[in-house]
Amino acid sequence: MKVEVFEMERFQSIWENRVTHNLSESGVHPMSLGELLDAKEREAIFDQRFIYVQTNGTPALRAAIAALYPGATADNIVVGNGTAEANYITVWRLVEPGDEVVMMLPNYMQIWGVVRGQGATVVPWRLRAERQWEADVDELASLVTPRTKLIAVCNPNNPTGSILSEAAMSAIVGIAEKTGAWILADEVYRGAELDGRETRSFWGLSDRVLVACGMSKAYGLPGLRIGWVAGPSPMIAELWARKDYLSIAPGSLSDHLAQVALRPEVRPRILARTRGLINANLPALTEWMRGHHSGFRLVPPRAGAIAYPRYSWPVNSTKLMERLRDERSVLVVPGDQFGMDGYLRIGLGNEPAELKAGLARMDGVLESLGRAPGF
Amino acid sequence: MKPLAELPLRIPRSGIREVMDLAIAAEKEGPVIHLEVGQPDFATPAHIVEATCRAVREGHTRYISTAGIPPLREAAARSYQRRTGVATSANQVLVTTGAMMSLATSFFTLLEPGDEVLLPDPGWPNYFTSVALARGVPVPYSLRAPEFLPDLDELQSLVTPRTKILLLCSPSNPTGQVHDAALTEALVAFARRNDLWVVSDEIYSEIVFEGSAPSVLNFDTDERCLVVSGVSKTYAMTGYRIGFTRGRVDYINVAAKLQEPFVSCGTAFSQYAAAAALDGPQDCVAEMRAAYLRRRDIALDVLRARGLYQYTPGGAFYVLVDISATAMDSRDFAVQLLKEKRVAVAPGSTFGRLSAASVRVSVASRDEDVWEGVGRICDFIAERKAAK
């Protein structure tokens, strides 16, 4: 398997802790242990032993996750180290060399890289700004063939923050069922909707749906490295078999803390914190963009701690990112890393003061580019 | 005011022409390397130009027979016969306004609304629009990398009671791949088994680098094949607009009638020039073929050196270059490449679903332009890789 370097992860891992202002993240500012646990739980945490837990996640954690999906039981869940492992074991199981995977783009490029590494072909299904990032299901129908093993969607979408309509979701399921393709729905931003209305899950729409999700984005707990796949139990058992060859078990502390976060009385509090941060930050970003007149155009995100504006200065997005990073110590993700020059992904998950400070530091570079020519 | 008709509004514009227009506009700011259009960079050979002038001077500037002037129909019949060994008479040849018109008349002559046409994906975009305008239904069949050859099992799975035409293009635009004799025979047999007409676009048949391109005519036992050809590519005569269809006499007569409401008739002096091309010395064809081969190899050498080699086209003057590592939409890629590297290429998406992550490079340009242009494409892919 020939693997290409995952450019965005490599770039973020090198730079995100070196810059003064990291606006490259797509999740909200991480919670601290103290924020997550109340006094009683803080005491109890010291009794936790560093054991191997069951390799597919403890029954208690899987039951807590299953409660998010109507009709699911712990057997419908396999827990992995982050949504990344959830995505990986799914693609590893389903995709063979020569297969085609129709993938929603722009997107987090992990599946893209793994599919290519496995000798299969990625067939891009593009969301387009001129359609307000609304999915074109007619186009999807023209892309899916009997060779399509998997349709990979990210809903809510990274980096656009768009959400599929329920009609589009039904159409996607219908198209997949026609040829027997599986659907892998990465729903890691579910729960981070600005209007607080939780996005409909693909779970339950078909018996060939696998839902990947985790604690890193909407919950602000990326350091737990807890993710999962929800799906039909025979397929979940097969994914578990693969997981034993990878990371074996989730960290025991992480498994425990994820259970805490998913408790019915805790989860709403965490998601309210997430919504609060994003809703405070989007107006700040919008106002800052307005200050640059014709510099930016943004289809407002509906979910996720991310905005994906297009800019009008005639400069390559990687070069612009490098200048912002090197001259102003601000890190954003260039559109190039999604195959779309002319865009920047700006994180909306920081504390509002931090976001404003980061944006203000970008001004110097943008002003040096001259007046924005507009679109 | 009542609106424009819906169908012409809905059909997409060719992505090749779009980039060509952008490239022409970009030339105001400085030179652009043109690798986007399938147009030989050679001048039309002198003896053909002379024949054109002579025809004009002799007064061949008036209406002519819709089916074409007899000397050209005869010359084209001889040309088909020379190439394939299959006896051909002038009344089996229709002269059209470019090979495009041969294709269009075949769709208008054969299709009832809703009839399906099996079209190559990737394939020339005009096939799709022309079938749609004739109220037919384009049904793409796959030409998969790196061989880019049709799969007979897949073709069979696409046949329905409405399927009426199998369209073939060998050597292929945009891949440059050539069907060998066995495949050609199998494709004609497939058409016969399923009672399909074969429209075979053989416009690049003289531009083959090893051996020759077999024609469907060699395997046509019951006159179901229409062979489309022309002088544009072989003799660097793209502006003359001369194409041919070789087919059954009853088909030719109806198709000739169909040309009337579109073009009335062809251009007399162009047709005399085309006759001179077909009957005159053929050294120019060999010279151009040798140049295309050299340029193809230049392009492949650059791609190999940069780790982007995928396959060796057997004919025509095109190479598909894989840009999937950039994750870019091929139209965006072509537009940005033009802007940043000043190289014009045709976006793969305009040829179909299976070439959406490629761009088509035409090597019908000067050697140094092919070398420099393909090098810049490789630079751009390296700079824009989504993963490295």
# chains A, B, ... in the order shown; residues from 1 in each chain; ligands from 1
$ residues_around --residues "Ser247 (chain A)" --least-positions-apart "2" --cutoff "9 Å" --atoms "only C-alpha atoms" --output "list in words"
Thr55, Gly80, Asn81, Glu85, Lys243, Asp244, Tyr245, Ala249 and Pro250 of chain A
$ residues_around --residues "Arg289 (chain B)" --least-positions-apart "6" --cutoff "9 Å" --atoms "only C-alpha atoms" --output "mmCIF file with N, CA and C atoms, in the first residue's frame"
data_model
loop_
_atom_site.group_PDB
_atom_site.id
_atom_site.type_symbol
_atom_site.label_atom_id
_atom_site.label_comp_id
_atom_site.auth_asym_id
_atom_site.auth_seq_id
_atom_site.Cartn_x
_atom_site.Cartn_y
_atom_site.Cartn_z
ATOM 1 N N GLU B 206 -5.482 8.018 -39.681
ATOM 2 C CA GLU B 206 -4.165 8.110 -40.333
ATOM 3 C C GLU B 206 -3.072 8.489 -39.332
ATOM 4 N N ILE B 207 -3.466 8.756 -38.093
ATOM 5 C CA ILE B 207 -2.459 9.153 -37.097
ATOM 6 C C ILE B 207 -2.342 8.024 -36.072
ATOM 7 N N VAL B 208 -1.646 6.974 -36.492
ATOM 8 C CA VAL B 208 -1.420 5.796 -35.654
ATOM 9 C C VAL B 208 0.075 5.520 -35.692
ATOM 10 N N PHE B 209 0.647 5.194 -34.519
ATOM 11 C CA PHE B 209 2.107 5.148 -34.434
ATOM 12 C C PHE B 209 2.715 3.768 -34.664
ATOM 13 N N THR B 234 -5.895 14.896 -40.629
ATOM 14 C CA THR B 234 -4.863 14.246 -41.431
ATOM 15 C C THR B 234 -4.063 15.257 -42.253
ATOM 16 N N ALA B 316 -3.596 9.330 -32.587
ATOM 17 C CA ALA B 316 -4.136 10.688 -32.425
ATOM 18 C C ALA B 316 -3.039 11.600 -31.874
#
$ residues_around --residues "His34 (chain B)" --least-positions-apart "6" --cutoff "12 Å" --atoms "only C-alpha atoms" --output "PyMOL selection string"
chain B and resi 16+19-24+26-27+40-41+334+337-338+341-346+360-374
$ write_last_selection --atoms "N, CA and C atoms" --output "CSV table (one decimal), in the first residue's frame"
chain,number,residue,atom,x,y,z
B,16,ILE,N,-13.6,22.6,-23.7
B,16,ILE,CA,-12.4,22.8,-24.5
B,16,ILE,C,-12.5,24.3,-25.0
B,19,VAL,N,-11.9,27.0,-22.3
B,19,VAL,CA,-10.5,27.2,-22.0
B,19,VAL,C,-9.8,28.0,-23.1
B,20,MET,N,-10.2,27.6,-24.4
B,20,MET,CA,-9.6,28.2,-25.5
B,20,MET,C,-9.9,29.7,-25.5
B,21,ASP,N,-11.1,30.1,-25.2
B,21,ASP,CA,-11.5,31.5,-25.1
B,21,ASP,C,-10.7,32.2,-24.0
B,22,LEU,N,-10.6,31.6,-22.9
B,22,LEU,CA,-9.8,32.2,-21.8
B,22,LEU,C,-8.4,32.4,-22.2
B,23,ALA,N,-7.8,31.4,-22.9
B,23,ALA,CA,-6.4,31.4,-23.3
B,23,ALA,C,-6.2,32.6,-24.3
B,24,ILE,N,-7.2,32.8,-25.2
B,24,ILE,CA,-7.0,33.9,-26.2
B,24,ILE,C,-7.0,35.2,-25.4
B,26,ALA,N,-6.1,35.6,-22.3
B,26,ALA,CA,-4.9,35.7,-21.5
B,26,ALA,C,-3.7,36.1,-22.4
B,27,GLU,N,-3.8,35.9,-23.6
B,27,GLU,CA,-2.6,36.2,-24.5
B,27,GLU,C,-2.4,37.7,-24.6
B,40,PRO,N,-3.9,20.6,-35.5
B,40,PRO,CA,-2.5,20.5,-35.9
B,40,PRO,C,-1.9,21.9,-36.1
B,41,ASP,N,-0.7,22.1,-35.6
B,41,ASP,CA,0.0,23.4,-35.7
B,41,ASP,C,0.6,23.6,-37.1
B,334,ALA,N,-7.6,23.6,-14.9
B,334,ALA,CA,-7.3,24.2,-16.2
B,334,ALA,C,-7.3,25.7,-16.1
B,337,LEU,N,-4.2,26.7,-14.0
B,337,LEU,CA,-3.0,26.4,-14.7
B,337,LEU,C,-2.7,27.5,-15.7
B,338,LEU,N,-3.8,27.9,-16.4
B,338,LEU,CA,-3.6,29.0,-17.4
B,338,LEU,C,-3.2,30.3,-16.7
B,341,LYS,N,0.5,29.3,-14.7
B,341,LYS,CA,1.6,28.8,-15.5
B,341,LYS,C,1.5,29.1,-17.0
B,342,ARG,N,0.4,29.7,-17.4
B,342,ARG,CA,0.2,30.2,-18.8
B,342,ARG,C,0.3,29.0,-19.8
B,343,VAL,N,-0.3,27.9,-19.4
B,343,VAL,CA,-0.5,26.7,-20.2
B,343,VAL,C,-2.0,26.4,-20.3
B,344,ALA,N,-2.5,26.3,-21.5
B,344,ALA,CA,-3.9,25.9,-21.7
B,344,ALA,C,-4.1,24.4,-22.0
B,345,VAL,N,-4.9,23.8,-21.2
B,345,VAL,CA,-5.2,22.3,-21.5
B,345,VAL,C,-6.7,22.2,-21.4
B,346,ALA,N,-7.2,21.0,-21.9
B,346,ALA,CA,-8.7,20.8,-21.9
B,346,ALA,C,-9.0,20.0,-20.6
B,360,ARG,N,-6.6,16.9,-20.6
B,360,ARG,CA,-6.2,16.4,-21.9
B,360,ARG,C,-5.1,17.3,-22.5
B,361,VAL,N,-4.0,16.8,-22.8
B,361,VAL,CA,-2.9,17.6,-23.4
B,361,VAL,C,-2.9,17.2,-24.9
B,362,SER,N,-3.0,18.2,-25.7
B,362,SER,CA,-2.8,18.0,-27.2
B,362,SER,C,-1.4,18.2,-27.5
B,363,VAL,N,-0.8,17.2,-28.2
B,363,VAL,CA,0.6,17.4,-28.6
B,363,VAL,C,0.7,17.8,-30.1
B,364,ALA,N,-0.3,18.4,-30.6
B,364,ALA,CA,-0.3,19.0,-31.9
B,364,ALA,C,0.3,20.4,-31.9
B,365,SER,N,1.3,20.5,-31.1
B,365,SER,CA,2.0,21.9,-30.9
B,365,SER,C,3.5,21.7,-31.1
B,366,ARG,N,4.2,22.7,-31.2
B,366,ARG,CA,5.7,22.6,-31.4
B,366,ARG,C,6.3,21.8,-30.3
B,367,ASP,N,7.4,21.1,-30.7
B,367,ASP,CA,8.1,20.3,-29.7
B,367,ASP,C,8.5,21.0,-28.4
B,368,GLU,N,9.0,22.2,-28.6
B,368,GLU,CA,9.5,22.9,-27.4
B,368,GLU,C,8.3,23.4,-26.5
B,369,ASP,N,7.1,23.6,-27.2
B,369,ASP,CA,5.9,23.9,-26.4
B,369,ASP,C,5.4,22.7,-25.6
B,370,VAL,N,5.5,21.6,-26.2
B,370,VAL,CA,5.0,20.3,-25.6
B,370,VAL,C,5.9,20.1,-24.4
B,371,TRP,N,7.2,20.2,-24.6
B,371,TRP,CA,8.2,19.9,-23.5
B,371,TRP,C,8.0,20.9,-22.3
B,372,GLU,N,7.9,22.2,-22.7
B,372,GLU,CA,7.8,23.2,-21.6
B,372,GLU,C,6.4,23.1,-21.0
B,373,GLY,N,5.4,23.0,-21.8
B,373,GLY,CA,4.0,23.0,-21.3
B,373,GLY,C,3.8,21.8,-20.4
B,374,VAL,N,4.2,20.6,-20.8
B,374,VAL,CA,3.9,19.4,-19.9
B,374,VAL,C,4.8,19.6,-18.6
$ interface_residues --of "chain A" --to "chain B" --cutoff "7 Å" --atoms "only C-alpha atoms" --output "list in words"
Glu4, Val5, Phe6, Glu7, Leu143, Asp336, Gln337, Phe338, Gly339 and Met340 of chain A
$ write_last_selection --atoms "N, CA and C atoms" --output "PDB file, in the first residue's frame"
ATOM      1  N   GLU A   4       0.183   8.329   0.508  1.00  0.00           N
ATOM      2  CA  GLU A   4       0.606   9.717   0.331  1.00  0.00           C
ATOM      3  C   GLU A   4       0.538  10.417   1.696  1.00  0.00           C
ATOM      4  N   VAL A   5       1.400  11.375   1.890  1.00  0.00           N
ATOM      5  CA  VAL A   5       1.384  12.097   3.166  1.00  0.00           C
ATOM      6  C   VAL A   5       0.075  12.875   3.288  1.00  0.00           C
ATOM      7  N   PHE A   6      -0.566  12.740   4.431  1.00  0.00           N
ATOM      8  CA  PHE A   6      -1.825  13.442   4.673  1.00  0.00           C
ATOM      9  C   PHE A   6      -1.461  14.899   4.987  1.00  0.00           C
ATOM     10  N   GLU A   7      -1.505  15.714   3.945  1.00  0.00           N
ATOM     11  CA  GLU A   7      -0.922  17.050   4.004  1.00  0.00           C
ATOM     12  C   GLU A   7      -1.512  17.912   5.125  1.00  0.00           C
ATOM     13  N   LEU A 143     -22.755   9.579 -11.061  1.00  0.00           N
ATOM     14  CA  LEU A 143     -21.408   9.139 -10.672  1.00  0.00           C
ATOM     15  C   LEU A 143     -21.388   7.714 -10.136  1.00  0.00           C
ATOM     16  N   ASP A 336      -6.249  24.962  -0.918  1.00  0.00           N
ATOM     17  CA  ASP A 336      -5.482  23.956  -1.662  1.00  0.00           C
ATOM     18  C   ASP A 336      -5.579  22.583  -1.008  1.00  0.00           C
ATOM     19  N   GLN A 337      -5.646  22.552   0.315  1.00  0.00           N
ATOM     20  CA  GLN A 337      -5.659  21.257   0.991  1.00  0.00           C
ATOM     21  C   GLN A 337      -6.997  20.540   0.837  1.00  0.00           C
ATOM     22  N   PHE A 338      -7.967  21.236   0.255  1.00  0.00           N
ATOM     23  CA  PHE A 338      -9.223  20.593  -0.126  1.00  0.00           C
ATOM     24  C   PHE A 338      -9.344  20.545  -1.654  1.00  0.00           C
ATOM     25  N   GLY A 339      -8.256  20.848  -2.353  1.00  0.00           N
ATOM     26  CA  GLY A 339      -8.286  20.885  -3.819  1.00  0.00           C
ATOM     27  C   GLY A 339      -9.017  22.100  -4.352  1.00  0.00           C
ATOM     28  N   MET A 340      -9.146  23.171  -3.526  1.00  0.00           N
ATOM     29  CA  MET A 340      -9.902  24.349  -3.951  1.00  0.00           C
ATOM     30  C   MET A 340      -9.120  25.606  -3.613  1.00  0.00           C
TER      31      MET A 340
END
$ select_by_dssp --residues "region 29-262 of chain B" --states "alpha helix (DSSP H)" --output "NGL selection string"
:B and (46-57 or 70-84 or 98-110 or 125-133 or 152-158 or 181-193 or 249-262)
$ atom_distance --atom1 "CA of Phe11 (chain A)" --atom2 "CA of Thr90 (chain A)"
25.0 Å
$ residues_around --residues "region 34-36 of chain A" --least-positions-apart "5" --cutoff "8 Å" --atoms "only C-alpha atoms" --output "ChimeraX atom specification"
/A:42,260-261
$ write_last_selection --atoms "C-alpha atoms" --output "PDB file, in the first residue's frame"
ATOM      1  CA  ARG A  42     -12.953  14.132  40.116  1.00  0.00           C
ATOM      2  CA  VAL A 260     -19.351  10.775  31.468  1.00  0.00           C
ATOM      3  CA  ALA A 261     -19.659  13.155  28.516  1.00  0.00           C
TER       4      ALA A 261
END
$ closest_residue --among "A:Ile14, A:Gln54, A:Glu25, A:Met1" --to "Val115 (chain A)" --atoms "only C-alpha atoms"
A:Met1
$ residues_around --residues "Ala167 (chain A)" --least-positions-apart "5" --cutoff "10 Å" --atoms "only C-alpha atoms" --output "list in words"
Val137, Ile172 and Val173 of chain A
$ residues_around --residues "region 116-120 of chain A" --least-positions-apart "5" --cutoff "9 Å" --atoms "only C-alpha atoms" --output "number ranges by chain"
A: 1-4, 92, 95-101, 111
$ residues_around --residues "region 347-352 of chain B" --least-positions-apart "5" --cutoff "7 Å" --atoms "only C-alpha atoms" --output "ChimeraX atom specification"
/B:14-16,121-125,330-331,334,357-360
$ write_last_selection --atoms "N, CA and C atoms" --output "PDB file, in the first residue's frame"
ATOM      1  N   SER B  14     -18.860  23.228 -24.462  1.00  0.00           N
ATOM      2  CA  SER B  14     -17.654  22.404 -24.432  1.00  0.00           C
ATOM      3  C   SER B  14     -16.597  23.087 -23.565  1.00  0.00           C
ATOM      4  N   GLY B  15     -16.054  22.317 -22.621  1.00  0.00           N
ATOM      5  CA  GLY B  15     -15.007  22.844 -21.750  1.00  0.00           C
ATOM      6  C   GLY B  15     -13.740  23.181 -22.520  1.00  0.00           C
ATOM      7  N   ILE B  16     -13.566  22.560 -23.689  1.00  0.00           N
ATOM      8  CA  ILE B  16     -12.367  22.835 -24.504  1.00  0.00           C
ATOM      9  C   ILE B  16     -12.455  24.269 -25.027  1.00  0.00           C
ATOM     10  N   ASP B 121     -17.020   6.994 -22.516  1.00  0.00           N
ATOM     11  CA  ASP B 121     -16.692   7.893 -21.396  1.00  0.00           C
ATOM     12  C   ASP B 121     -15.312   7.505 -20.904  1.00  0.00           C
ATOM     13  N   PRO B 122     -14.283   8.305 -21.133  1.00  0.00           N
ATOM     14  CA  PRO B 122     -14.328   9.630 -21.728  1.00  0.00           C
ATOM     15  C   PRO B 122     -14.479   9.606 -23.244  1.00  0.00           C
ATOM     16  N   GLY B 123     -15.109  10.668 -23.731  1.00  0.00           N
ATOM     17  CA  GLY B 123     -15.308  10.803 -25.171  1.00  0.00           C
ATOM     18  C   GLY B 123     -15.479  12.274 -25.524  1.00  0.00           C
ATOM     19  N   TRP B 124     -15.467  12.542 -26.780  1.00  0.00           N
ATOM     20  CA  TRP B 124     -15.587  13.922 -27.251  1.00  0.00           C
ATOM     21  C   TRP B 124     -16.935  14.487 -26.796  1.00  0.00           C
ATOM     22  N   PRO B 125     -16.973  15.648 -26.152  1.00  0.00           N
ATOM     23  CA  PRO B 125     -18.234  16.140 -25.569  1.00  0.00           C
ATOM     24  C   PRO B 125     -19.323  16.384 -26.606  1.00  0.00           C
ATOM     25  N   SER B 330     -11.231  19.404 -12.531  1.00  0.00           N
ATOM     26  CA  SER B 330     -10.324  19.591 -13.672  1.00  0.00           C
ATOM     27  C   SER B 330     -10.550  20.931 -14.368  1.00  0.00           C
ATOM     28  N   ARG B 331     -11.757  21.470 -14.284  1.00  0.00           N
ATOM     29  CA  ARG B 331     -11.980  22.793 -14.869  1.00  0.00           C
ATOM     30  C   ARG B 331     -11.219  23.852 -14.061  1.00  0.00           C
ATOM     31  N   ALA B 334      -7.642  23.605 -14.916  1.00  0.00           N
ATOM     32  CA  ALA B 334      -7.286  24.196 -16.210  1.00  0.00           C
ATOM     33  C   ALA B 334      -7.258  25.726 -16.123  1.00  0.00           C
ATOM     34  N   ALA B 357     -10.812  13.541 -13.324  1.00  0.00           N
ATOM     35  CA  ALA B 357      -9.600  13.827 -12.556  1.00  0.00           C
ATOM     36  C   ALA B 357      -8.373  13.814 -13.474  1.00  0.00           C
ATOM     37  N   SER B 358      -8.576  14.222 -14.713  1.00  0.00           N
ATOM     38  CA  SER B 358      -7.473  14.295 -15.680  1.00  0.00           C
ATOM     39  C   SER B 358      -7.597  15.589 -16.469  1.00  0.00           C
ATOM     40  N   VAL B 359      -6.533  15.928 -17.157  1.00  0.00           N
ATOM     41  CA  VAL B 359      -6.637  16.965 -18.188  1.00  0.00           C
ATOM     42  C   VAL B 359      -6.107  16.362 -19.491  1.00  0.00           C
ATOM     43  N   ARG B 360      -6.642  16.854 -20.614  1.00  0.00           N
ATOM     44  CA  ARG B 360      -6.179  16.371 -21.911  1.00  0.00           C
ATOM     45  C   ARG B 360      -5.149  17.344 -22.458  1.00  0.00           C
TER      46      ARG B 360
END
